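*Asks:* Just so it is clear, I am handing over my_file-v3.cif, which has mmCIF, C-alpha atoms.
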```cif
data_final
loop_
_atom_site.label_atom_id
_atom_site.label_comp_id
_atom_site.auth_asym_id
_atom_site.auth_seq_id
_atom_site.Cartn_x
_atom_site.Cartn_y
_atom_site.Cartn_z
CA MET A 896 3.73 28.96 5.06
CA ASN A 897 4.71 26.59 7.82
CA ASN A 898 5.40 23.00 6.68
CA ALA A 899 2.97 21.51 9.21
CA ILE A 900 0.14 23.83 8.14
CA LEU A 901 0.86 23.06 4.47
CA THR A 902 0.79 19.32 5.25
CA ILE A 903 -2.58 19.74 6.98
CA TRP A 904 -4.05 21.55 3.97
CA ILE A 905 -2.72 18.93 1.56
CA GLY A 906 -4.26 16.24 3.77
CA VAL A 907 -7.59 18.07 3.79
CA GLY A 908 -7.44 18.28 -0.02
CA LEU A 909 -6.70 14.55 -0.31
CA LEU A 910 -9.51 13.75 2.11
CA GLY A 911 -11.97 15.92 0.17
CA LEU A 912 -10.98 14.51 -3.22
CA GLY A 913 -11.13 10.93 -1.89
CA MET A 914 -14.56 11.40 -0.35
CA SER A 915 -15.81 13.12 -3.51
CA THR A 916 -14.61 10.13 -5.52
CA ALA A 917 -16.37 7.73 -3.17
CA ILE A 918 -19.61 9.72 -3.37
CA LEU A 919 -19.69 10.73 -7.02
CA ARG A 920 -18.30 7.68 -8.85
CA ARG A 921 -20.22 4.49 -9.62
CA GLN A 922 -17.58 1.80 -10.20
CA VAL A 923 -16.79 -0.34 -7.17
CA LEU A 924 -13.04 -0.30 -7.78
CA ILE A 925 -12.88 3.50 -8.21
CA VAL A 926 -15.02 4.00 -5.08
CA CYS A 927 -12.54 1.85 -3.13
CA LEU A 928 -9.60 3.78 -4.61
CA GLY A 929 -11.29 6.99 -3.46
CA LEU A 930 -11.77 5.66 0.07
CA HIS A 931 -8.12 4.58 0.10
CA GLY A 932 -7.05 8.10 -0.89
CA ALA A 933 -9.35 9.61 1.74
CA THR A 934 -7.79 7.44 4.46
CA LEU A 935 -4.31 8.52 3.39
CA GLY A 936 -5.52 12.13 3.47
CA ALA A 937 -6.84 11.69 7.02
CA LEU A 938 -3.50 10.21 8.10
CA THR A 939 -1.68 13.13 6.45
CA VAL A 940 -3.86 15.55 8.45
CA TYR A 941 -2.97 13.60 11.60
CA LEU A 942 0.74 13.80 10.74
CA GLY A 943 0.50 17.55 10.09
CA LEU A 944 -1.46 18.14 13.29
CA SER A 945 1.08 16.15 15.32
CA ARG A 946 3.86 18.33 13.94
CA ALA A 947 1.91 21.56 14.40
CA LEU A 948 1.10 20.74 18.02
CA GLU A 949 4.65 19.38 18.54
CA ARG A 950 3.40 16.02 19.76
CA PRO A 951 5.00 12.66 18.86
CA VAL A 952 3.40 10.68 16.05
CA GLN A 953 1.79 7.46 17.31
CA THR A 954 3.42 5.00 14.92
CA GLY A 955 1.05 2.16 15.81
CA PHE A 956 -1.99 4.30 15.08
CA ALA A 957 -0.60 5.45 11.74
CA LEU A 958 0.41 1.90 10.76
CA ALA A 959 -3.08 0.66 11.69
CA GLY A 960 -4.58 3.34 9.41
CA ILE A 961 -2.26 2.39 6.54
CA THR A 962 -3.10 -1.32 6.97
CA LEU A 963 -6.82 -0.54 7.16
CA SER A 964 -6.77 1.48 3.94
CA THR A 965 -4.77 -1.24 2.15
CA ALA A 966 -7.16 -3.95 3.36
CA LEU A 967 -10.08 -1.82 2.17
CA LEU A 968 -8.58 -1.47 -1.29
CA LEU A 969 -7.72 -5.19 -1.53
CA ALA A 970 -11.22 -6.18 -0.40
CA GLY A 971 -12.73 -3.77 -2.91
CA ALA A 972 -10.61 -5.17 -5.74
CA ALA A 973 -11.54 -8.73 -4.79
CA ALA A 974 -15.23 -7.77 -4.58
CA ALA A 975 -15.08 -6.00 -7.95
CA VAL A 976 -13.55 -9.04 -9.67
CA GLY A 977 -15.87 -11.51 -7.89
CA VAL A 978 -19.05 -9.59 -8.65
CA PHE A 979 -18.00 -8.94 -12.24
CA ARG A 980 -17.40 -12.65 -12.83
CA ARG A 981 -20.69 -13.69 -11.23
CA ARG A 982 -23.09 -10.98 -12.34
CA ASN A 983 -21.21 -9.07 -15.05
CA ALA A 984 -21.75 -5.79 -13.20
CA HIS A 985 -19.24 -3.30 -11.84
CA HIS A 986 -21.37 -0.33 -10.77
CA VAL A 987 -22.48 0.22 -7.19
CA ASP A 988 -26.07 1.11 -8.11
CA GLU A 989 -26.40 -1.98 -10.30
CA LEU A 990 -25.39 -4.10 -7.33
CA ARG A 991 -28.08 -2.40 -5.27
CA GLU A 992 -30.74 -3.18 -7.91
CA LEU A 993 -29.66 -6.80 -8.06
CA ARG A 994 -30.13 -7.27 -4.34
CA GLY A 995 -33.06 -9.64 -3.64
CA MET B 370 11.90 22.08 2.59
CA SER B 371 8.63 23.91 1.93
CA LEU B 372 9.16 23.51 -1.81
CA LEU B 373 9.58 19.74 -1.39
CA VAL B 374 6.43 19.53 0.72
CA ALA B 375 4.50 21.60 -1.81
CA LEU B 376 5.77 19.53 -4.76
CA SER B 377 4.96 16.18 -3.17
CA GLY B 378 1.56 17.53 -2.11
CA LEU B 379 0.92 18.67 -5.67
CA VAL B 380 1.77 15.18 -6.97
CA ALA B 381 -0.54 13.57 -4.38
CA LEU B 382 -3.41 15.95 -5.15
CA THR B 383 -2.97 15.49 -8.91
CA GLY B 384 -3.17 11.72 -8.45
CA ALA B 385 -6.32 12.04 -6.32
CA ALA B 386 -7.90 14.33 -8.93
CA LEU B 387 -7.02 11.76 -11.62
CA VAL B 388 -8.83 9.07 -9.60
CA LEU B 389 -11.88 11.33 -9.40
CA ALA B 390 -11.88 12.18 -13.10
CA ALA B 391 -10.76 8.86 -14.60
CA ARG B 392 -13.09 7.13 -17.02
CA LYS B 393 -11.51 3.69 -16.74
CA PRO B 394 -10.41 1.75 -13.64
CA ARG B 395 -6.83 1.38 -14.86
CA THR B 396 -6.44 5.17 -15.25
CA ALA B 397 -7.85 5.53 -11.73
CA THR B 398 -5.29 2.98 -10.53
CA LEU B 399 -2.47 5.01 -12.09
CA GLY B 400 -3.86 8.07 -10.30
CA ALA B 401 -3.93 6.15 -7.02
CA MET B 402 -0.29 5.11 -7.50
CA LEU B 403 0.64 8.73 -8.18
CA SER B 404 -1.28 9.85 -5.11
CA ALA B 405 0.33 7.18 -2.92
CA SER B 406 3.82 8.13 -4.16
CA GLY B 407 3.16 11.83 -3.51
CA THR B 408 1.81 11.07 -0.03
CA GLY B 409 4.85 8.87 0.69
CA ALA B 410 7.20 11.64 -0.40
CA LEU B 411 5.24 14.11 1.75
CA TRP B 412 5.58 11.87 4.80
CA LEU B 413 9.28 11.39 4.05
CA THR B 414 9.83 15.16 3.97
CA SER B 415 7.84 15.41 7.21
CA GLY B 416 10.50 13.29 8.93
CA GLU B 417 8.66 9.96 9.07
CA PRO B 418 10.78 7.64 6.86
CA LYS B 419 9.50 4.39 8.42
CA LEU B 420 5.86 5.33 8.01
CA ALA B 421 6.52 6.60 4.48
CA ALA B 422 8.22 3.31 3.52
CA ALA B 423 5.39 1.22 5.00
CA GLN B 424 2.75 3.38 3.33
CA LEU B 425 4.51 3.24 -0.06
CA ALA B 426 5.05 -0.52 0.10
CA LEU B 427 1.46 -1.36 1.06
CA ALA B 428 -0.18 1.23 -1.20
CA LEU B 429 1.84 0.32 -4.30
CA ALA B 430 1.29 -3.41 -3.73
CA ALA B 431 -2.45 -2.80 -3.31
CA CYS B 432 -2.50 -0.64 -6.44
CA VAL B 433 -0.85 -3.44 -8.46
CA VAL B 434 -3.65 -5.76 -7.26
CA ALA B 435 -6.22 -3.07 -8.13
CA LEU B 436 -4.63 -2.83 -11.56
CA TYR B 437 -5.24 -6.56 -12.05
CA ALA B 438 -8.85 -6.02 -11.00
CA GLY B 439 -9.21 -3.06 -13.34
CA LEU B 440 -7.86 -5.06 -16.25
CA ALA B 441 -9.98 -8.09 -15.38
CA THR B 442 -13.20 -6.08 -15.18
CA GLY B 443 -12.38 -3.52 -17.90
CA ALA B 444 -14.60 -3.28 -20.94
CA ASP B 445 -11.66 -3.86 -23.28
CA SER B 446 -10.00 -6.66 -21.34
CA HIS B 447 -9.99 -8.80 -24.49
CA VAL B 448 -7.39 -6.51 -26.05
CA ALA B 449 -5.42 -5.92 -22.85
CA ARG B 450 -3.40 -9.11 -22.79
CA ARG B 451 -0.09 -7.31 -23.25
CA ARG B 452 -1.00 -4.76 -20.57
CA TYR B 453 -1.95 -7.60 -18.28
CA GLY B 454 1.46 -9.20 -18.85
CA LEU B 455 3.27 -5.95 -18.11
CA ALA B 456 1.20 -5.43 -14.95
CA LYS B 457 2.07 -8.96 -13.88
CA ALA B 458 5.77 -8.27 -14.55
CA ALA B 459 5.49 -5.07 -12.48
CA GLY B 460 4.01 -7.06 -9.60
CA VAL B 461 6.70 -9.75 -9.73
CA VAL B 462 9.53 -7.21 -9.91
CA PHE B 463 7.97 -5.22 -7.09
CA VAL B 464 7.73 -8.26 -4.82
CA LEU B 465 11.29 -9.36 -5.65
CA MET B 466 12.76 -5.92 -5.06
CA LEU B 467 10.81 -5.57 -1.84
CA ALA B 468 12.02 -8.98 -0.65
CA VAL B 469 15.68 -7.87 -0.78
CA PRO B 470 15.52 -5.04 1.81
CA LEU B 471 13.04 -7.01 3.92
CA ALA B 472 15.37 -10.00 4.05
CA ARG B 473 18.26 -7.67 4.85
CA LEU B 474 16.29 -6.07 7.68
CA LEU B 475 15.32 -9.47 9.08
CA VAL B 476 18.94 -10.68 8.99
CA ALA B 477 20.14 -7.45 10.63
CA ARG B 478 17.46 -7.75 13.32
CA ALA B 479 18.38 -11.37 13.98
CA THR B 480 22.12 -10.78 14.20
CA THR B 481 22.26 -7.48 16.10
CA PRO B 482 20.62 -6.64 19.43
CA ALA B 483 19.42 -3.19 18.30
CA PRO B 484 16.42 -3.18 15.95
CA ALA B 485 17.20 -2.27 12.35
CA THR B 486 15.39 0.75 10.94
CA VAL B 487 14.68 2.05 7.46
CA ALA B 488 16.51 5.36 7.53
CA PRO B 489 17.44 7.61 4.60
CA ASP B 490 21.10 6.61 4.95
CA ASN B 491 20.19 2.91 4.85
CA PRO B 492 20.78 1.22 1.46
CA SER B 493 17.44 -0.60 1.86
CA THR B 494 15.64 2.69 1.41
CA TRP B 495 17.35 3.29 -1.91
CA VAL B 496 16.61 -0.25 -3.07
CA PHE B 497 13.00 0.26 -2.08
CA ALA B 498 12.79 3.65 -3.79
CA SER B 499 14.23 2.20 -7.02
CA ALA B 500 11.72 -0.68 -6.79
CA ALA B 501 8.88 1.81 -6.47
CA LEU B 502 10.21 3.84 -9.41
CA PHE B 503 10.65 0.73 -11.54
CA THR B 504 7.10 -0.38 -10.73
CA MET B 505 5.78 3.02 -11.77
CA VAL B 506 7.74 2.92 -15.04
CA LEU B 507 6.54 -0.60 -15.87
CA THR B 508 2.97 0.34 -15.06
CA ALA B 509 3.22 3.49 -17.15
CA LEU B 510 4.53 1.30 -20.01
CA ALA B 511 1.51 -0.95 -19.55
CA PHE B 512 -0.75 2.05 -20.06
CA THR B 513 1.01 3.59 -23.04
CA ARG B 514 0.46 0.62 -25.38
CA ARG B 515 -2.07 1.59 -27.99
CA VAL B 516 -5.13 -0.60 -28.25
CA ASP B 517 -5.11 -0.73 -32.04
CA GLN B 518 -1.55 -2.06 -32.01
CA GLU B 519 -2.69 -4.97 -29.87
CA ARG B 520 -5.62 -5.75 -32.14
CA ARG B 521 -3.28 -6.73 -34.99
#
```
Could you rewrite the structure in this file as structure tokens?
*Replies:*
Amino acid sequence: MNNAILTIWIGVGLLGLGMSTAILRRQVLIVCLGLHGATLGALTVYLGLSRALERPVQTGFALAGITLSTALLLAGAAAAVGVFRRRNAHHVDELRELRG
Amino acid sequence: MSLLVALSGLVALTGAALVLAARKPRTATLGAMLSASGTGALWLTSGEPKLAAAQLALALAACVVALYAGLATGADSHVARRRYGLAKAAGVVFVLMLAVPLARLLVARATTPAPATVAPDNPSTWVFASAALFTMVLTALAFTRRVDQERR
């Protein structure tokens, strides 16, 4: 199999697993880790597509995606710690029930 | 080359599956580190060393922070003091090892007209790769401590 096509399939797998984690899991931190993985999967698909179509990779776009996914994970970790200290809860649905 | 791509993809997918199946946040964090390393290796084999280095640096640093969060919010955080210390050591070592190639790049950029790059033949890449490996080993050590040993 061509390397670019293989990269695209791996990216699709990462995207699917990441989104499944974000949908199926309850803990805030694990949901954020899943979204981080999904973003990396989407960027891997972009990289594979760029190679398959023989187009140059837009470095700025890819770096923005990497920074976005890192910021998402850091914000999620901060939110998980903050909410756990205040309300002693770390599940997404518990947070929803606590909303006034 | 296909074998390398397949292997790094397998590592990345295994890490992502570990995140999905993990019971505790710290296991999920280890899975995320594995996934980020596999993705970085995949991007490196795809001929994007700069993007791979940036992705690895940011993802591993974020995973160390997530590991703190996992330990702080974990149900057994009262017995995880040693793990917490090892995670902290991993973070410090990671930042120190990352500071060396970054400082080198900044000095090279300031002293030469052409911009310095992180290429496979650049020693910074090897320093960075060893920092990433060392972080993984330290984090793995943090996970392998048995809880009942820490209770004594």
*Asks:* Pull out every residue that the PyMOL selection byres ((chain B) within 9 of (chain A)) matches in the shown coordinates and put them as number ranges by chain.
*Replies:* B: 370-371, 374-375, 378-379, 381-382, 385-386, 388-391, 393-394, 397-398, 401, 404-405, 408, 411-412, 415, 417, 419-420, 423-424, 427-428, 430-432, 434-439, 441-442
*Asks:* Mind dumping the selected residues with C-alpha atoms as a short mmCIF file (atom, residue, chain, number, x, y, z; two decimals), in the frame of the given file?
*Replies:*
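Okay, again-v4.cif is ready:
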```
data_model
loop_
_atom_site.label_atom_id
_atom_site.label_comp_id
_atom_site.auth_asym_id
_atom_site.auth_seq_id
_atom_site.Cartn_x
_atom_site.Cartn_y
_atom_site.Cartn_z
CA MET B 370 11.90 22.08 2.59
CA SER B 371 8.63 23.91 1.93
CA VAL B 374 6.43 19.53 0.72
CA ALA B 375 4.50 21.60 -1.81
CA GLY B 378 1.56 17.53 -2.11
CA LEU B 379 0.92 18.67 -5.67
CA ALA B 381 -0.54 13.57 -4.38
CA LEU B 382 -3.41 15.95 -5.15
CA ALA B 385 -6.32 12.04 -6.32
CA ALA B 386 -7.90 14.33 -8.93
CA VAL B 388 -8.83 9.07 -9.60
CA LEU B 389 -11.88 11.33 -9.40
CA ALA B 390 -11.88 12.18 -13.10
CA ALA B 391 -10.76 8.86 -14.60
CA LYS B 393 -11.51 3.69 -16.74
CA PRO B 394 -10.41 1.75 -13.64
CA ALA B 397 -7.85 5.53 -11.73
CA THR B 398 -5.29 2.98 -10.53
CA ALA B 401 -3.93 6.15 -7.02
CA SER B 404 -1.28 9.85 -5.11
CA ALA B 405 0.33 7.18 -2.92
CA THR B 408 1.81 11.07 -0.03
CA LEU B 411 5.24 14.11 1.75
CA TRP B 412 5.58 11.87 4.80
CA SER B 415 7.84 15.41 7.21
CA GLU B 417 8.66 9.96 9.07
CA LYS B 419 9.50 4.39 8.42
CA LEU B 420 5.86 5.33 8.01
CA ALA B 423 5.39 1.22 5.00
CA GLN B 424 2.75 3.38 3.33
CA LEU B 427 1.46 -1.36 1.06
CA ALA B 428 -0.18 1.23 -1.20
CA ALA B 430 1.29 -3.41 -3.73
CA ALA B 431 -2.45 -2.80 -3.31
CA CYS B 432 -2.50 -0.64 -6.44
CA VAL B 434 -3.65 -5.76 -7.26
CA ALA B 435 -6.22 -3.07 -8.13
CA LEU B 436 -4.63 -2.83 -11.56
CA TYR B 437 -5.24 -6.56 -12.05
CA ALA B 438 -8.85 -6.02 -11.00
CA GLY B 439 -9.21 -3.06 -13.34
CA ALA B 441 -9.98 -8.09 -15.38
CA THR B 442 -13.20 -6.08 -15.18
#
```
*Asks:* So what do you get for CA of Ala959 in chain A versus CA of Ala937 in chain A, distance-wise?
*Replies:*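 Computing it gives 12.6 Å between the two atoms.
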*Asks:* So how many Å separate CA of Leu963 in chain A and CA of Leu930 in chain A, to one decimal?
*Replies:* 10.6 Å
*Asks:* Which one is closest to Met402 in chain B: B:Ala422, B:Thr414, B:Leu440, B:Gly384? Count only C-alpha atoms.
*Replies:*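 Ranked by minimum distance to Met402 in chain B, first place goes to B:Gly384.
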*Asks:* Rounded to one decimal, what separation in Å do you get between CA of Ser377 in chain B and CA of Ala410 in chain B?
*Replies:*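 Atom-to-atom, CA of Ser377 in chain B and CA of Ala410 in chain B are spaced 5.8 Å apart.
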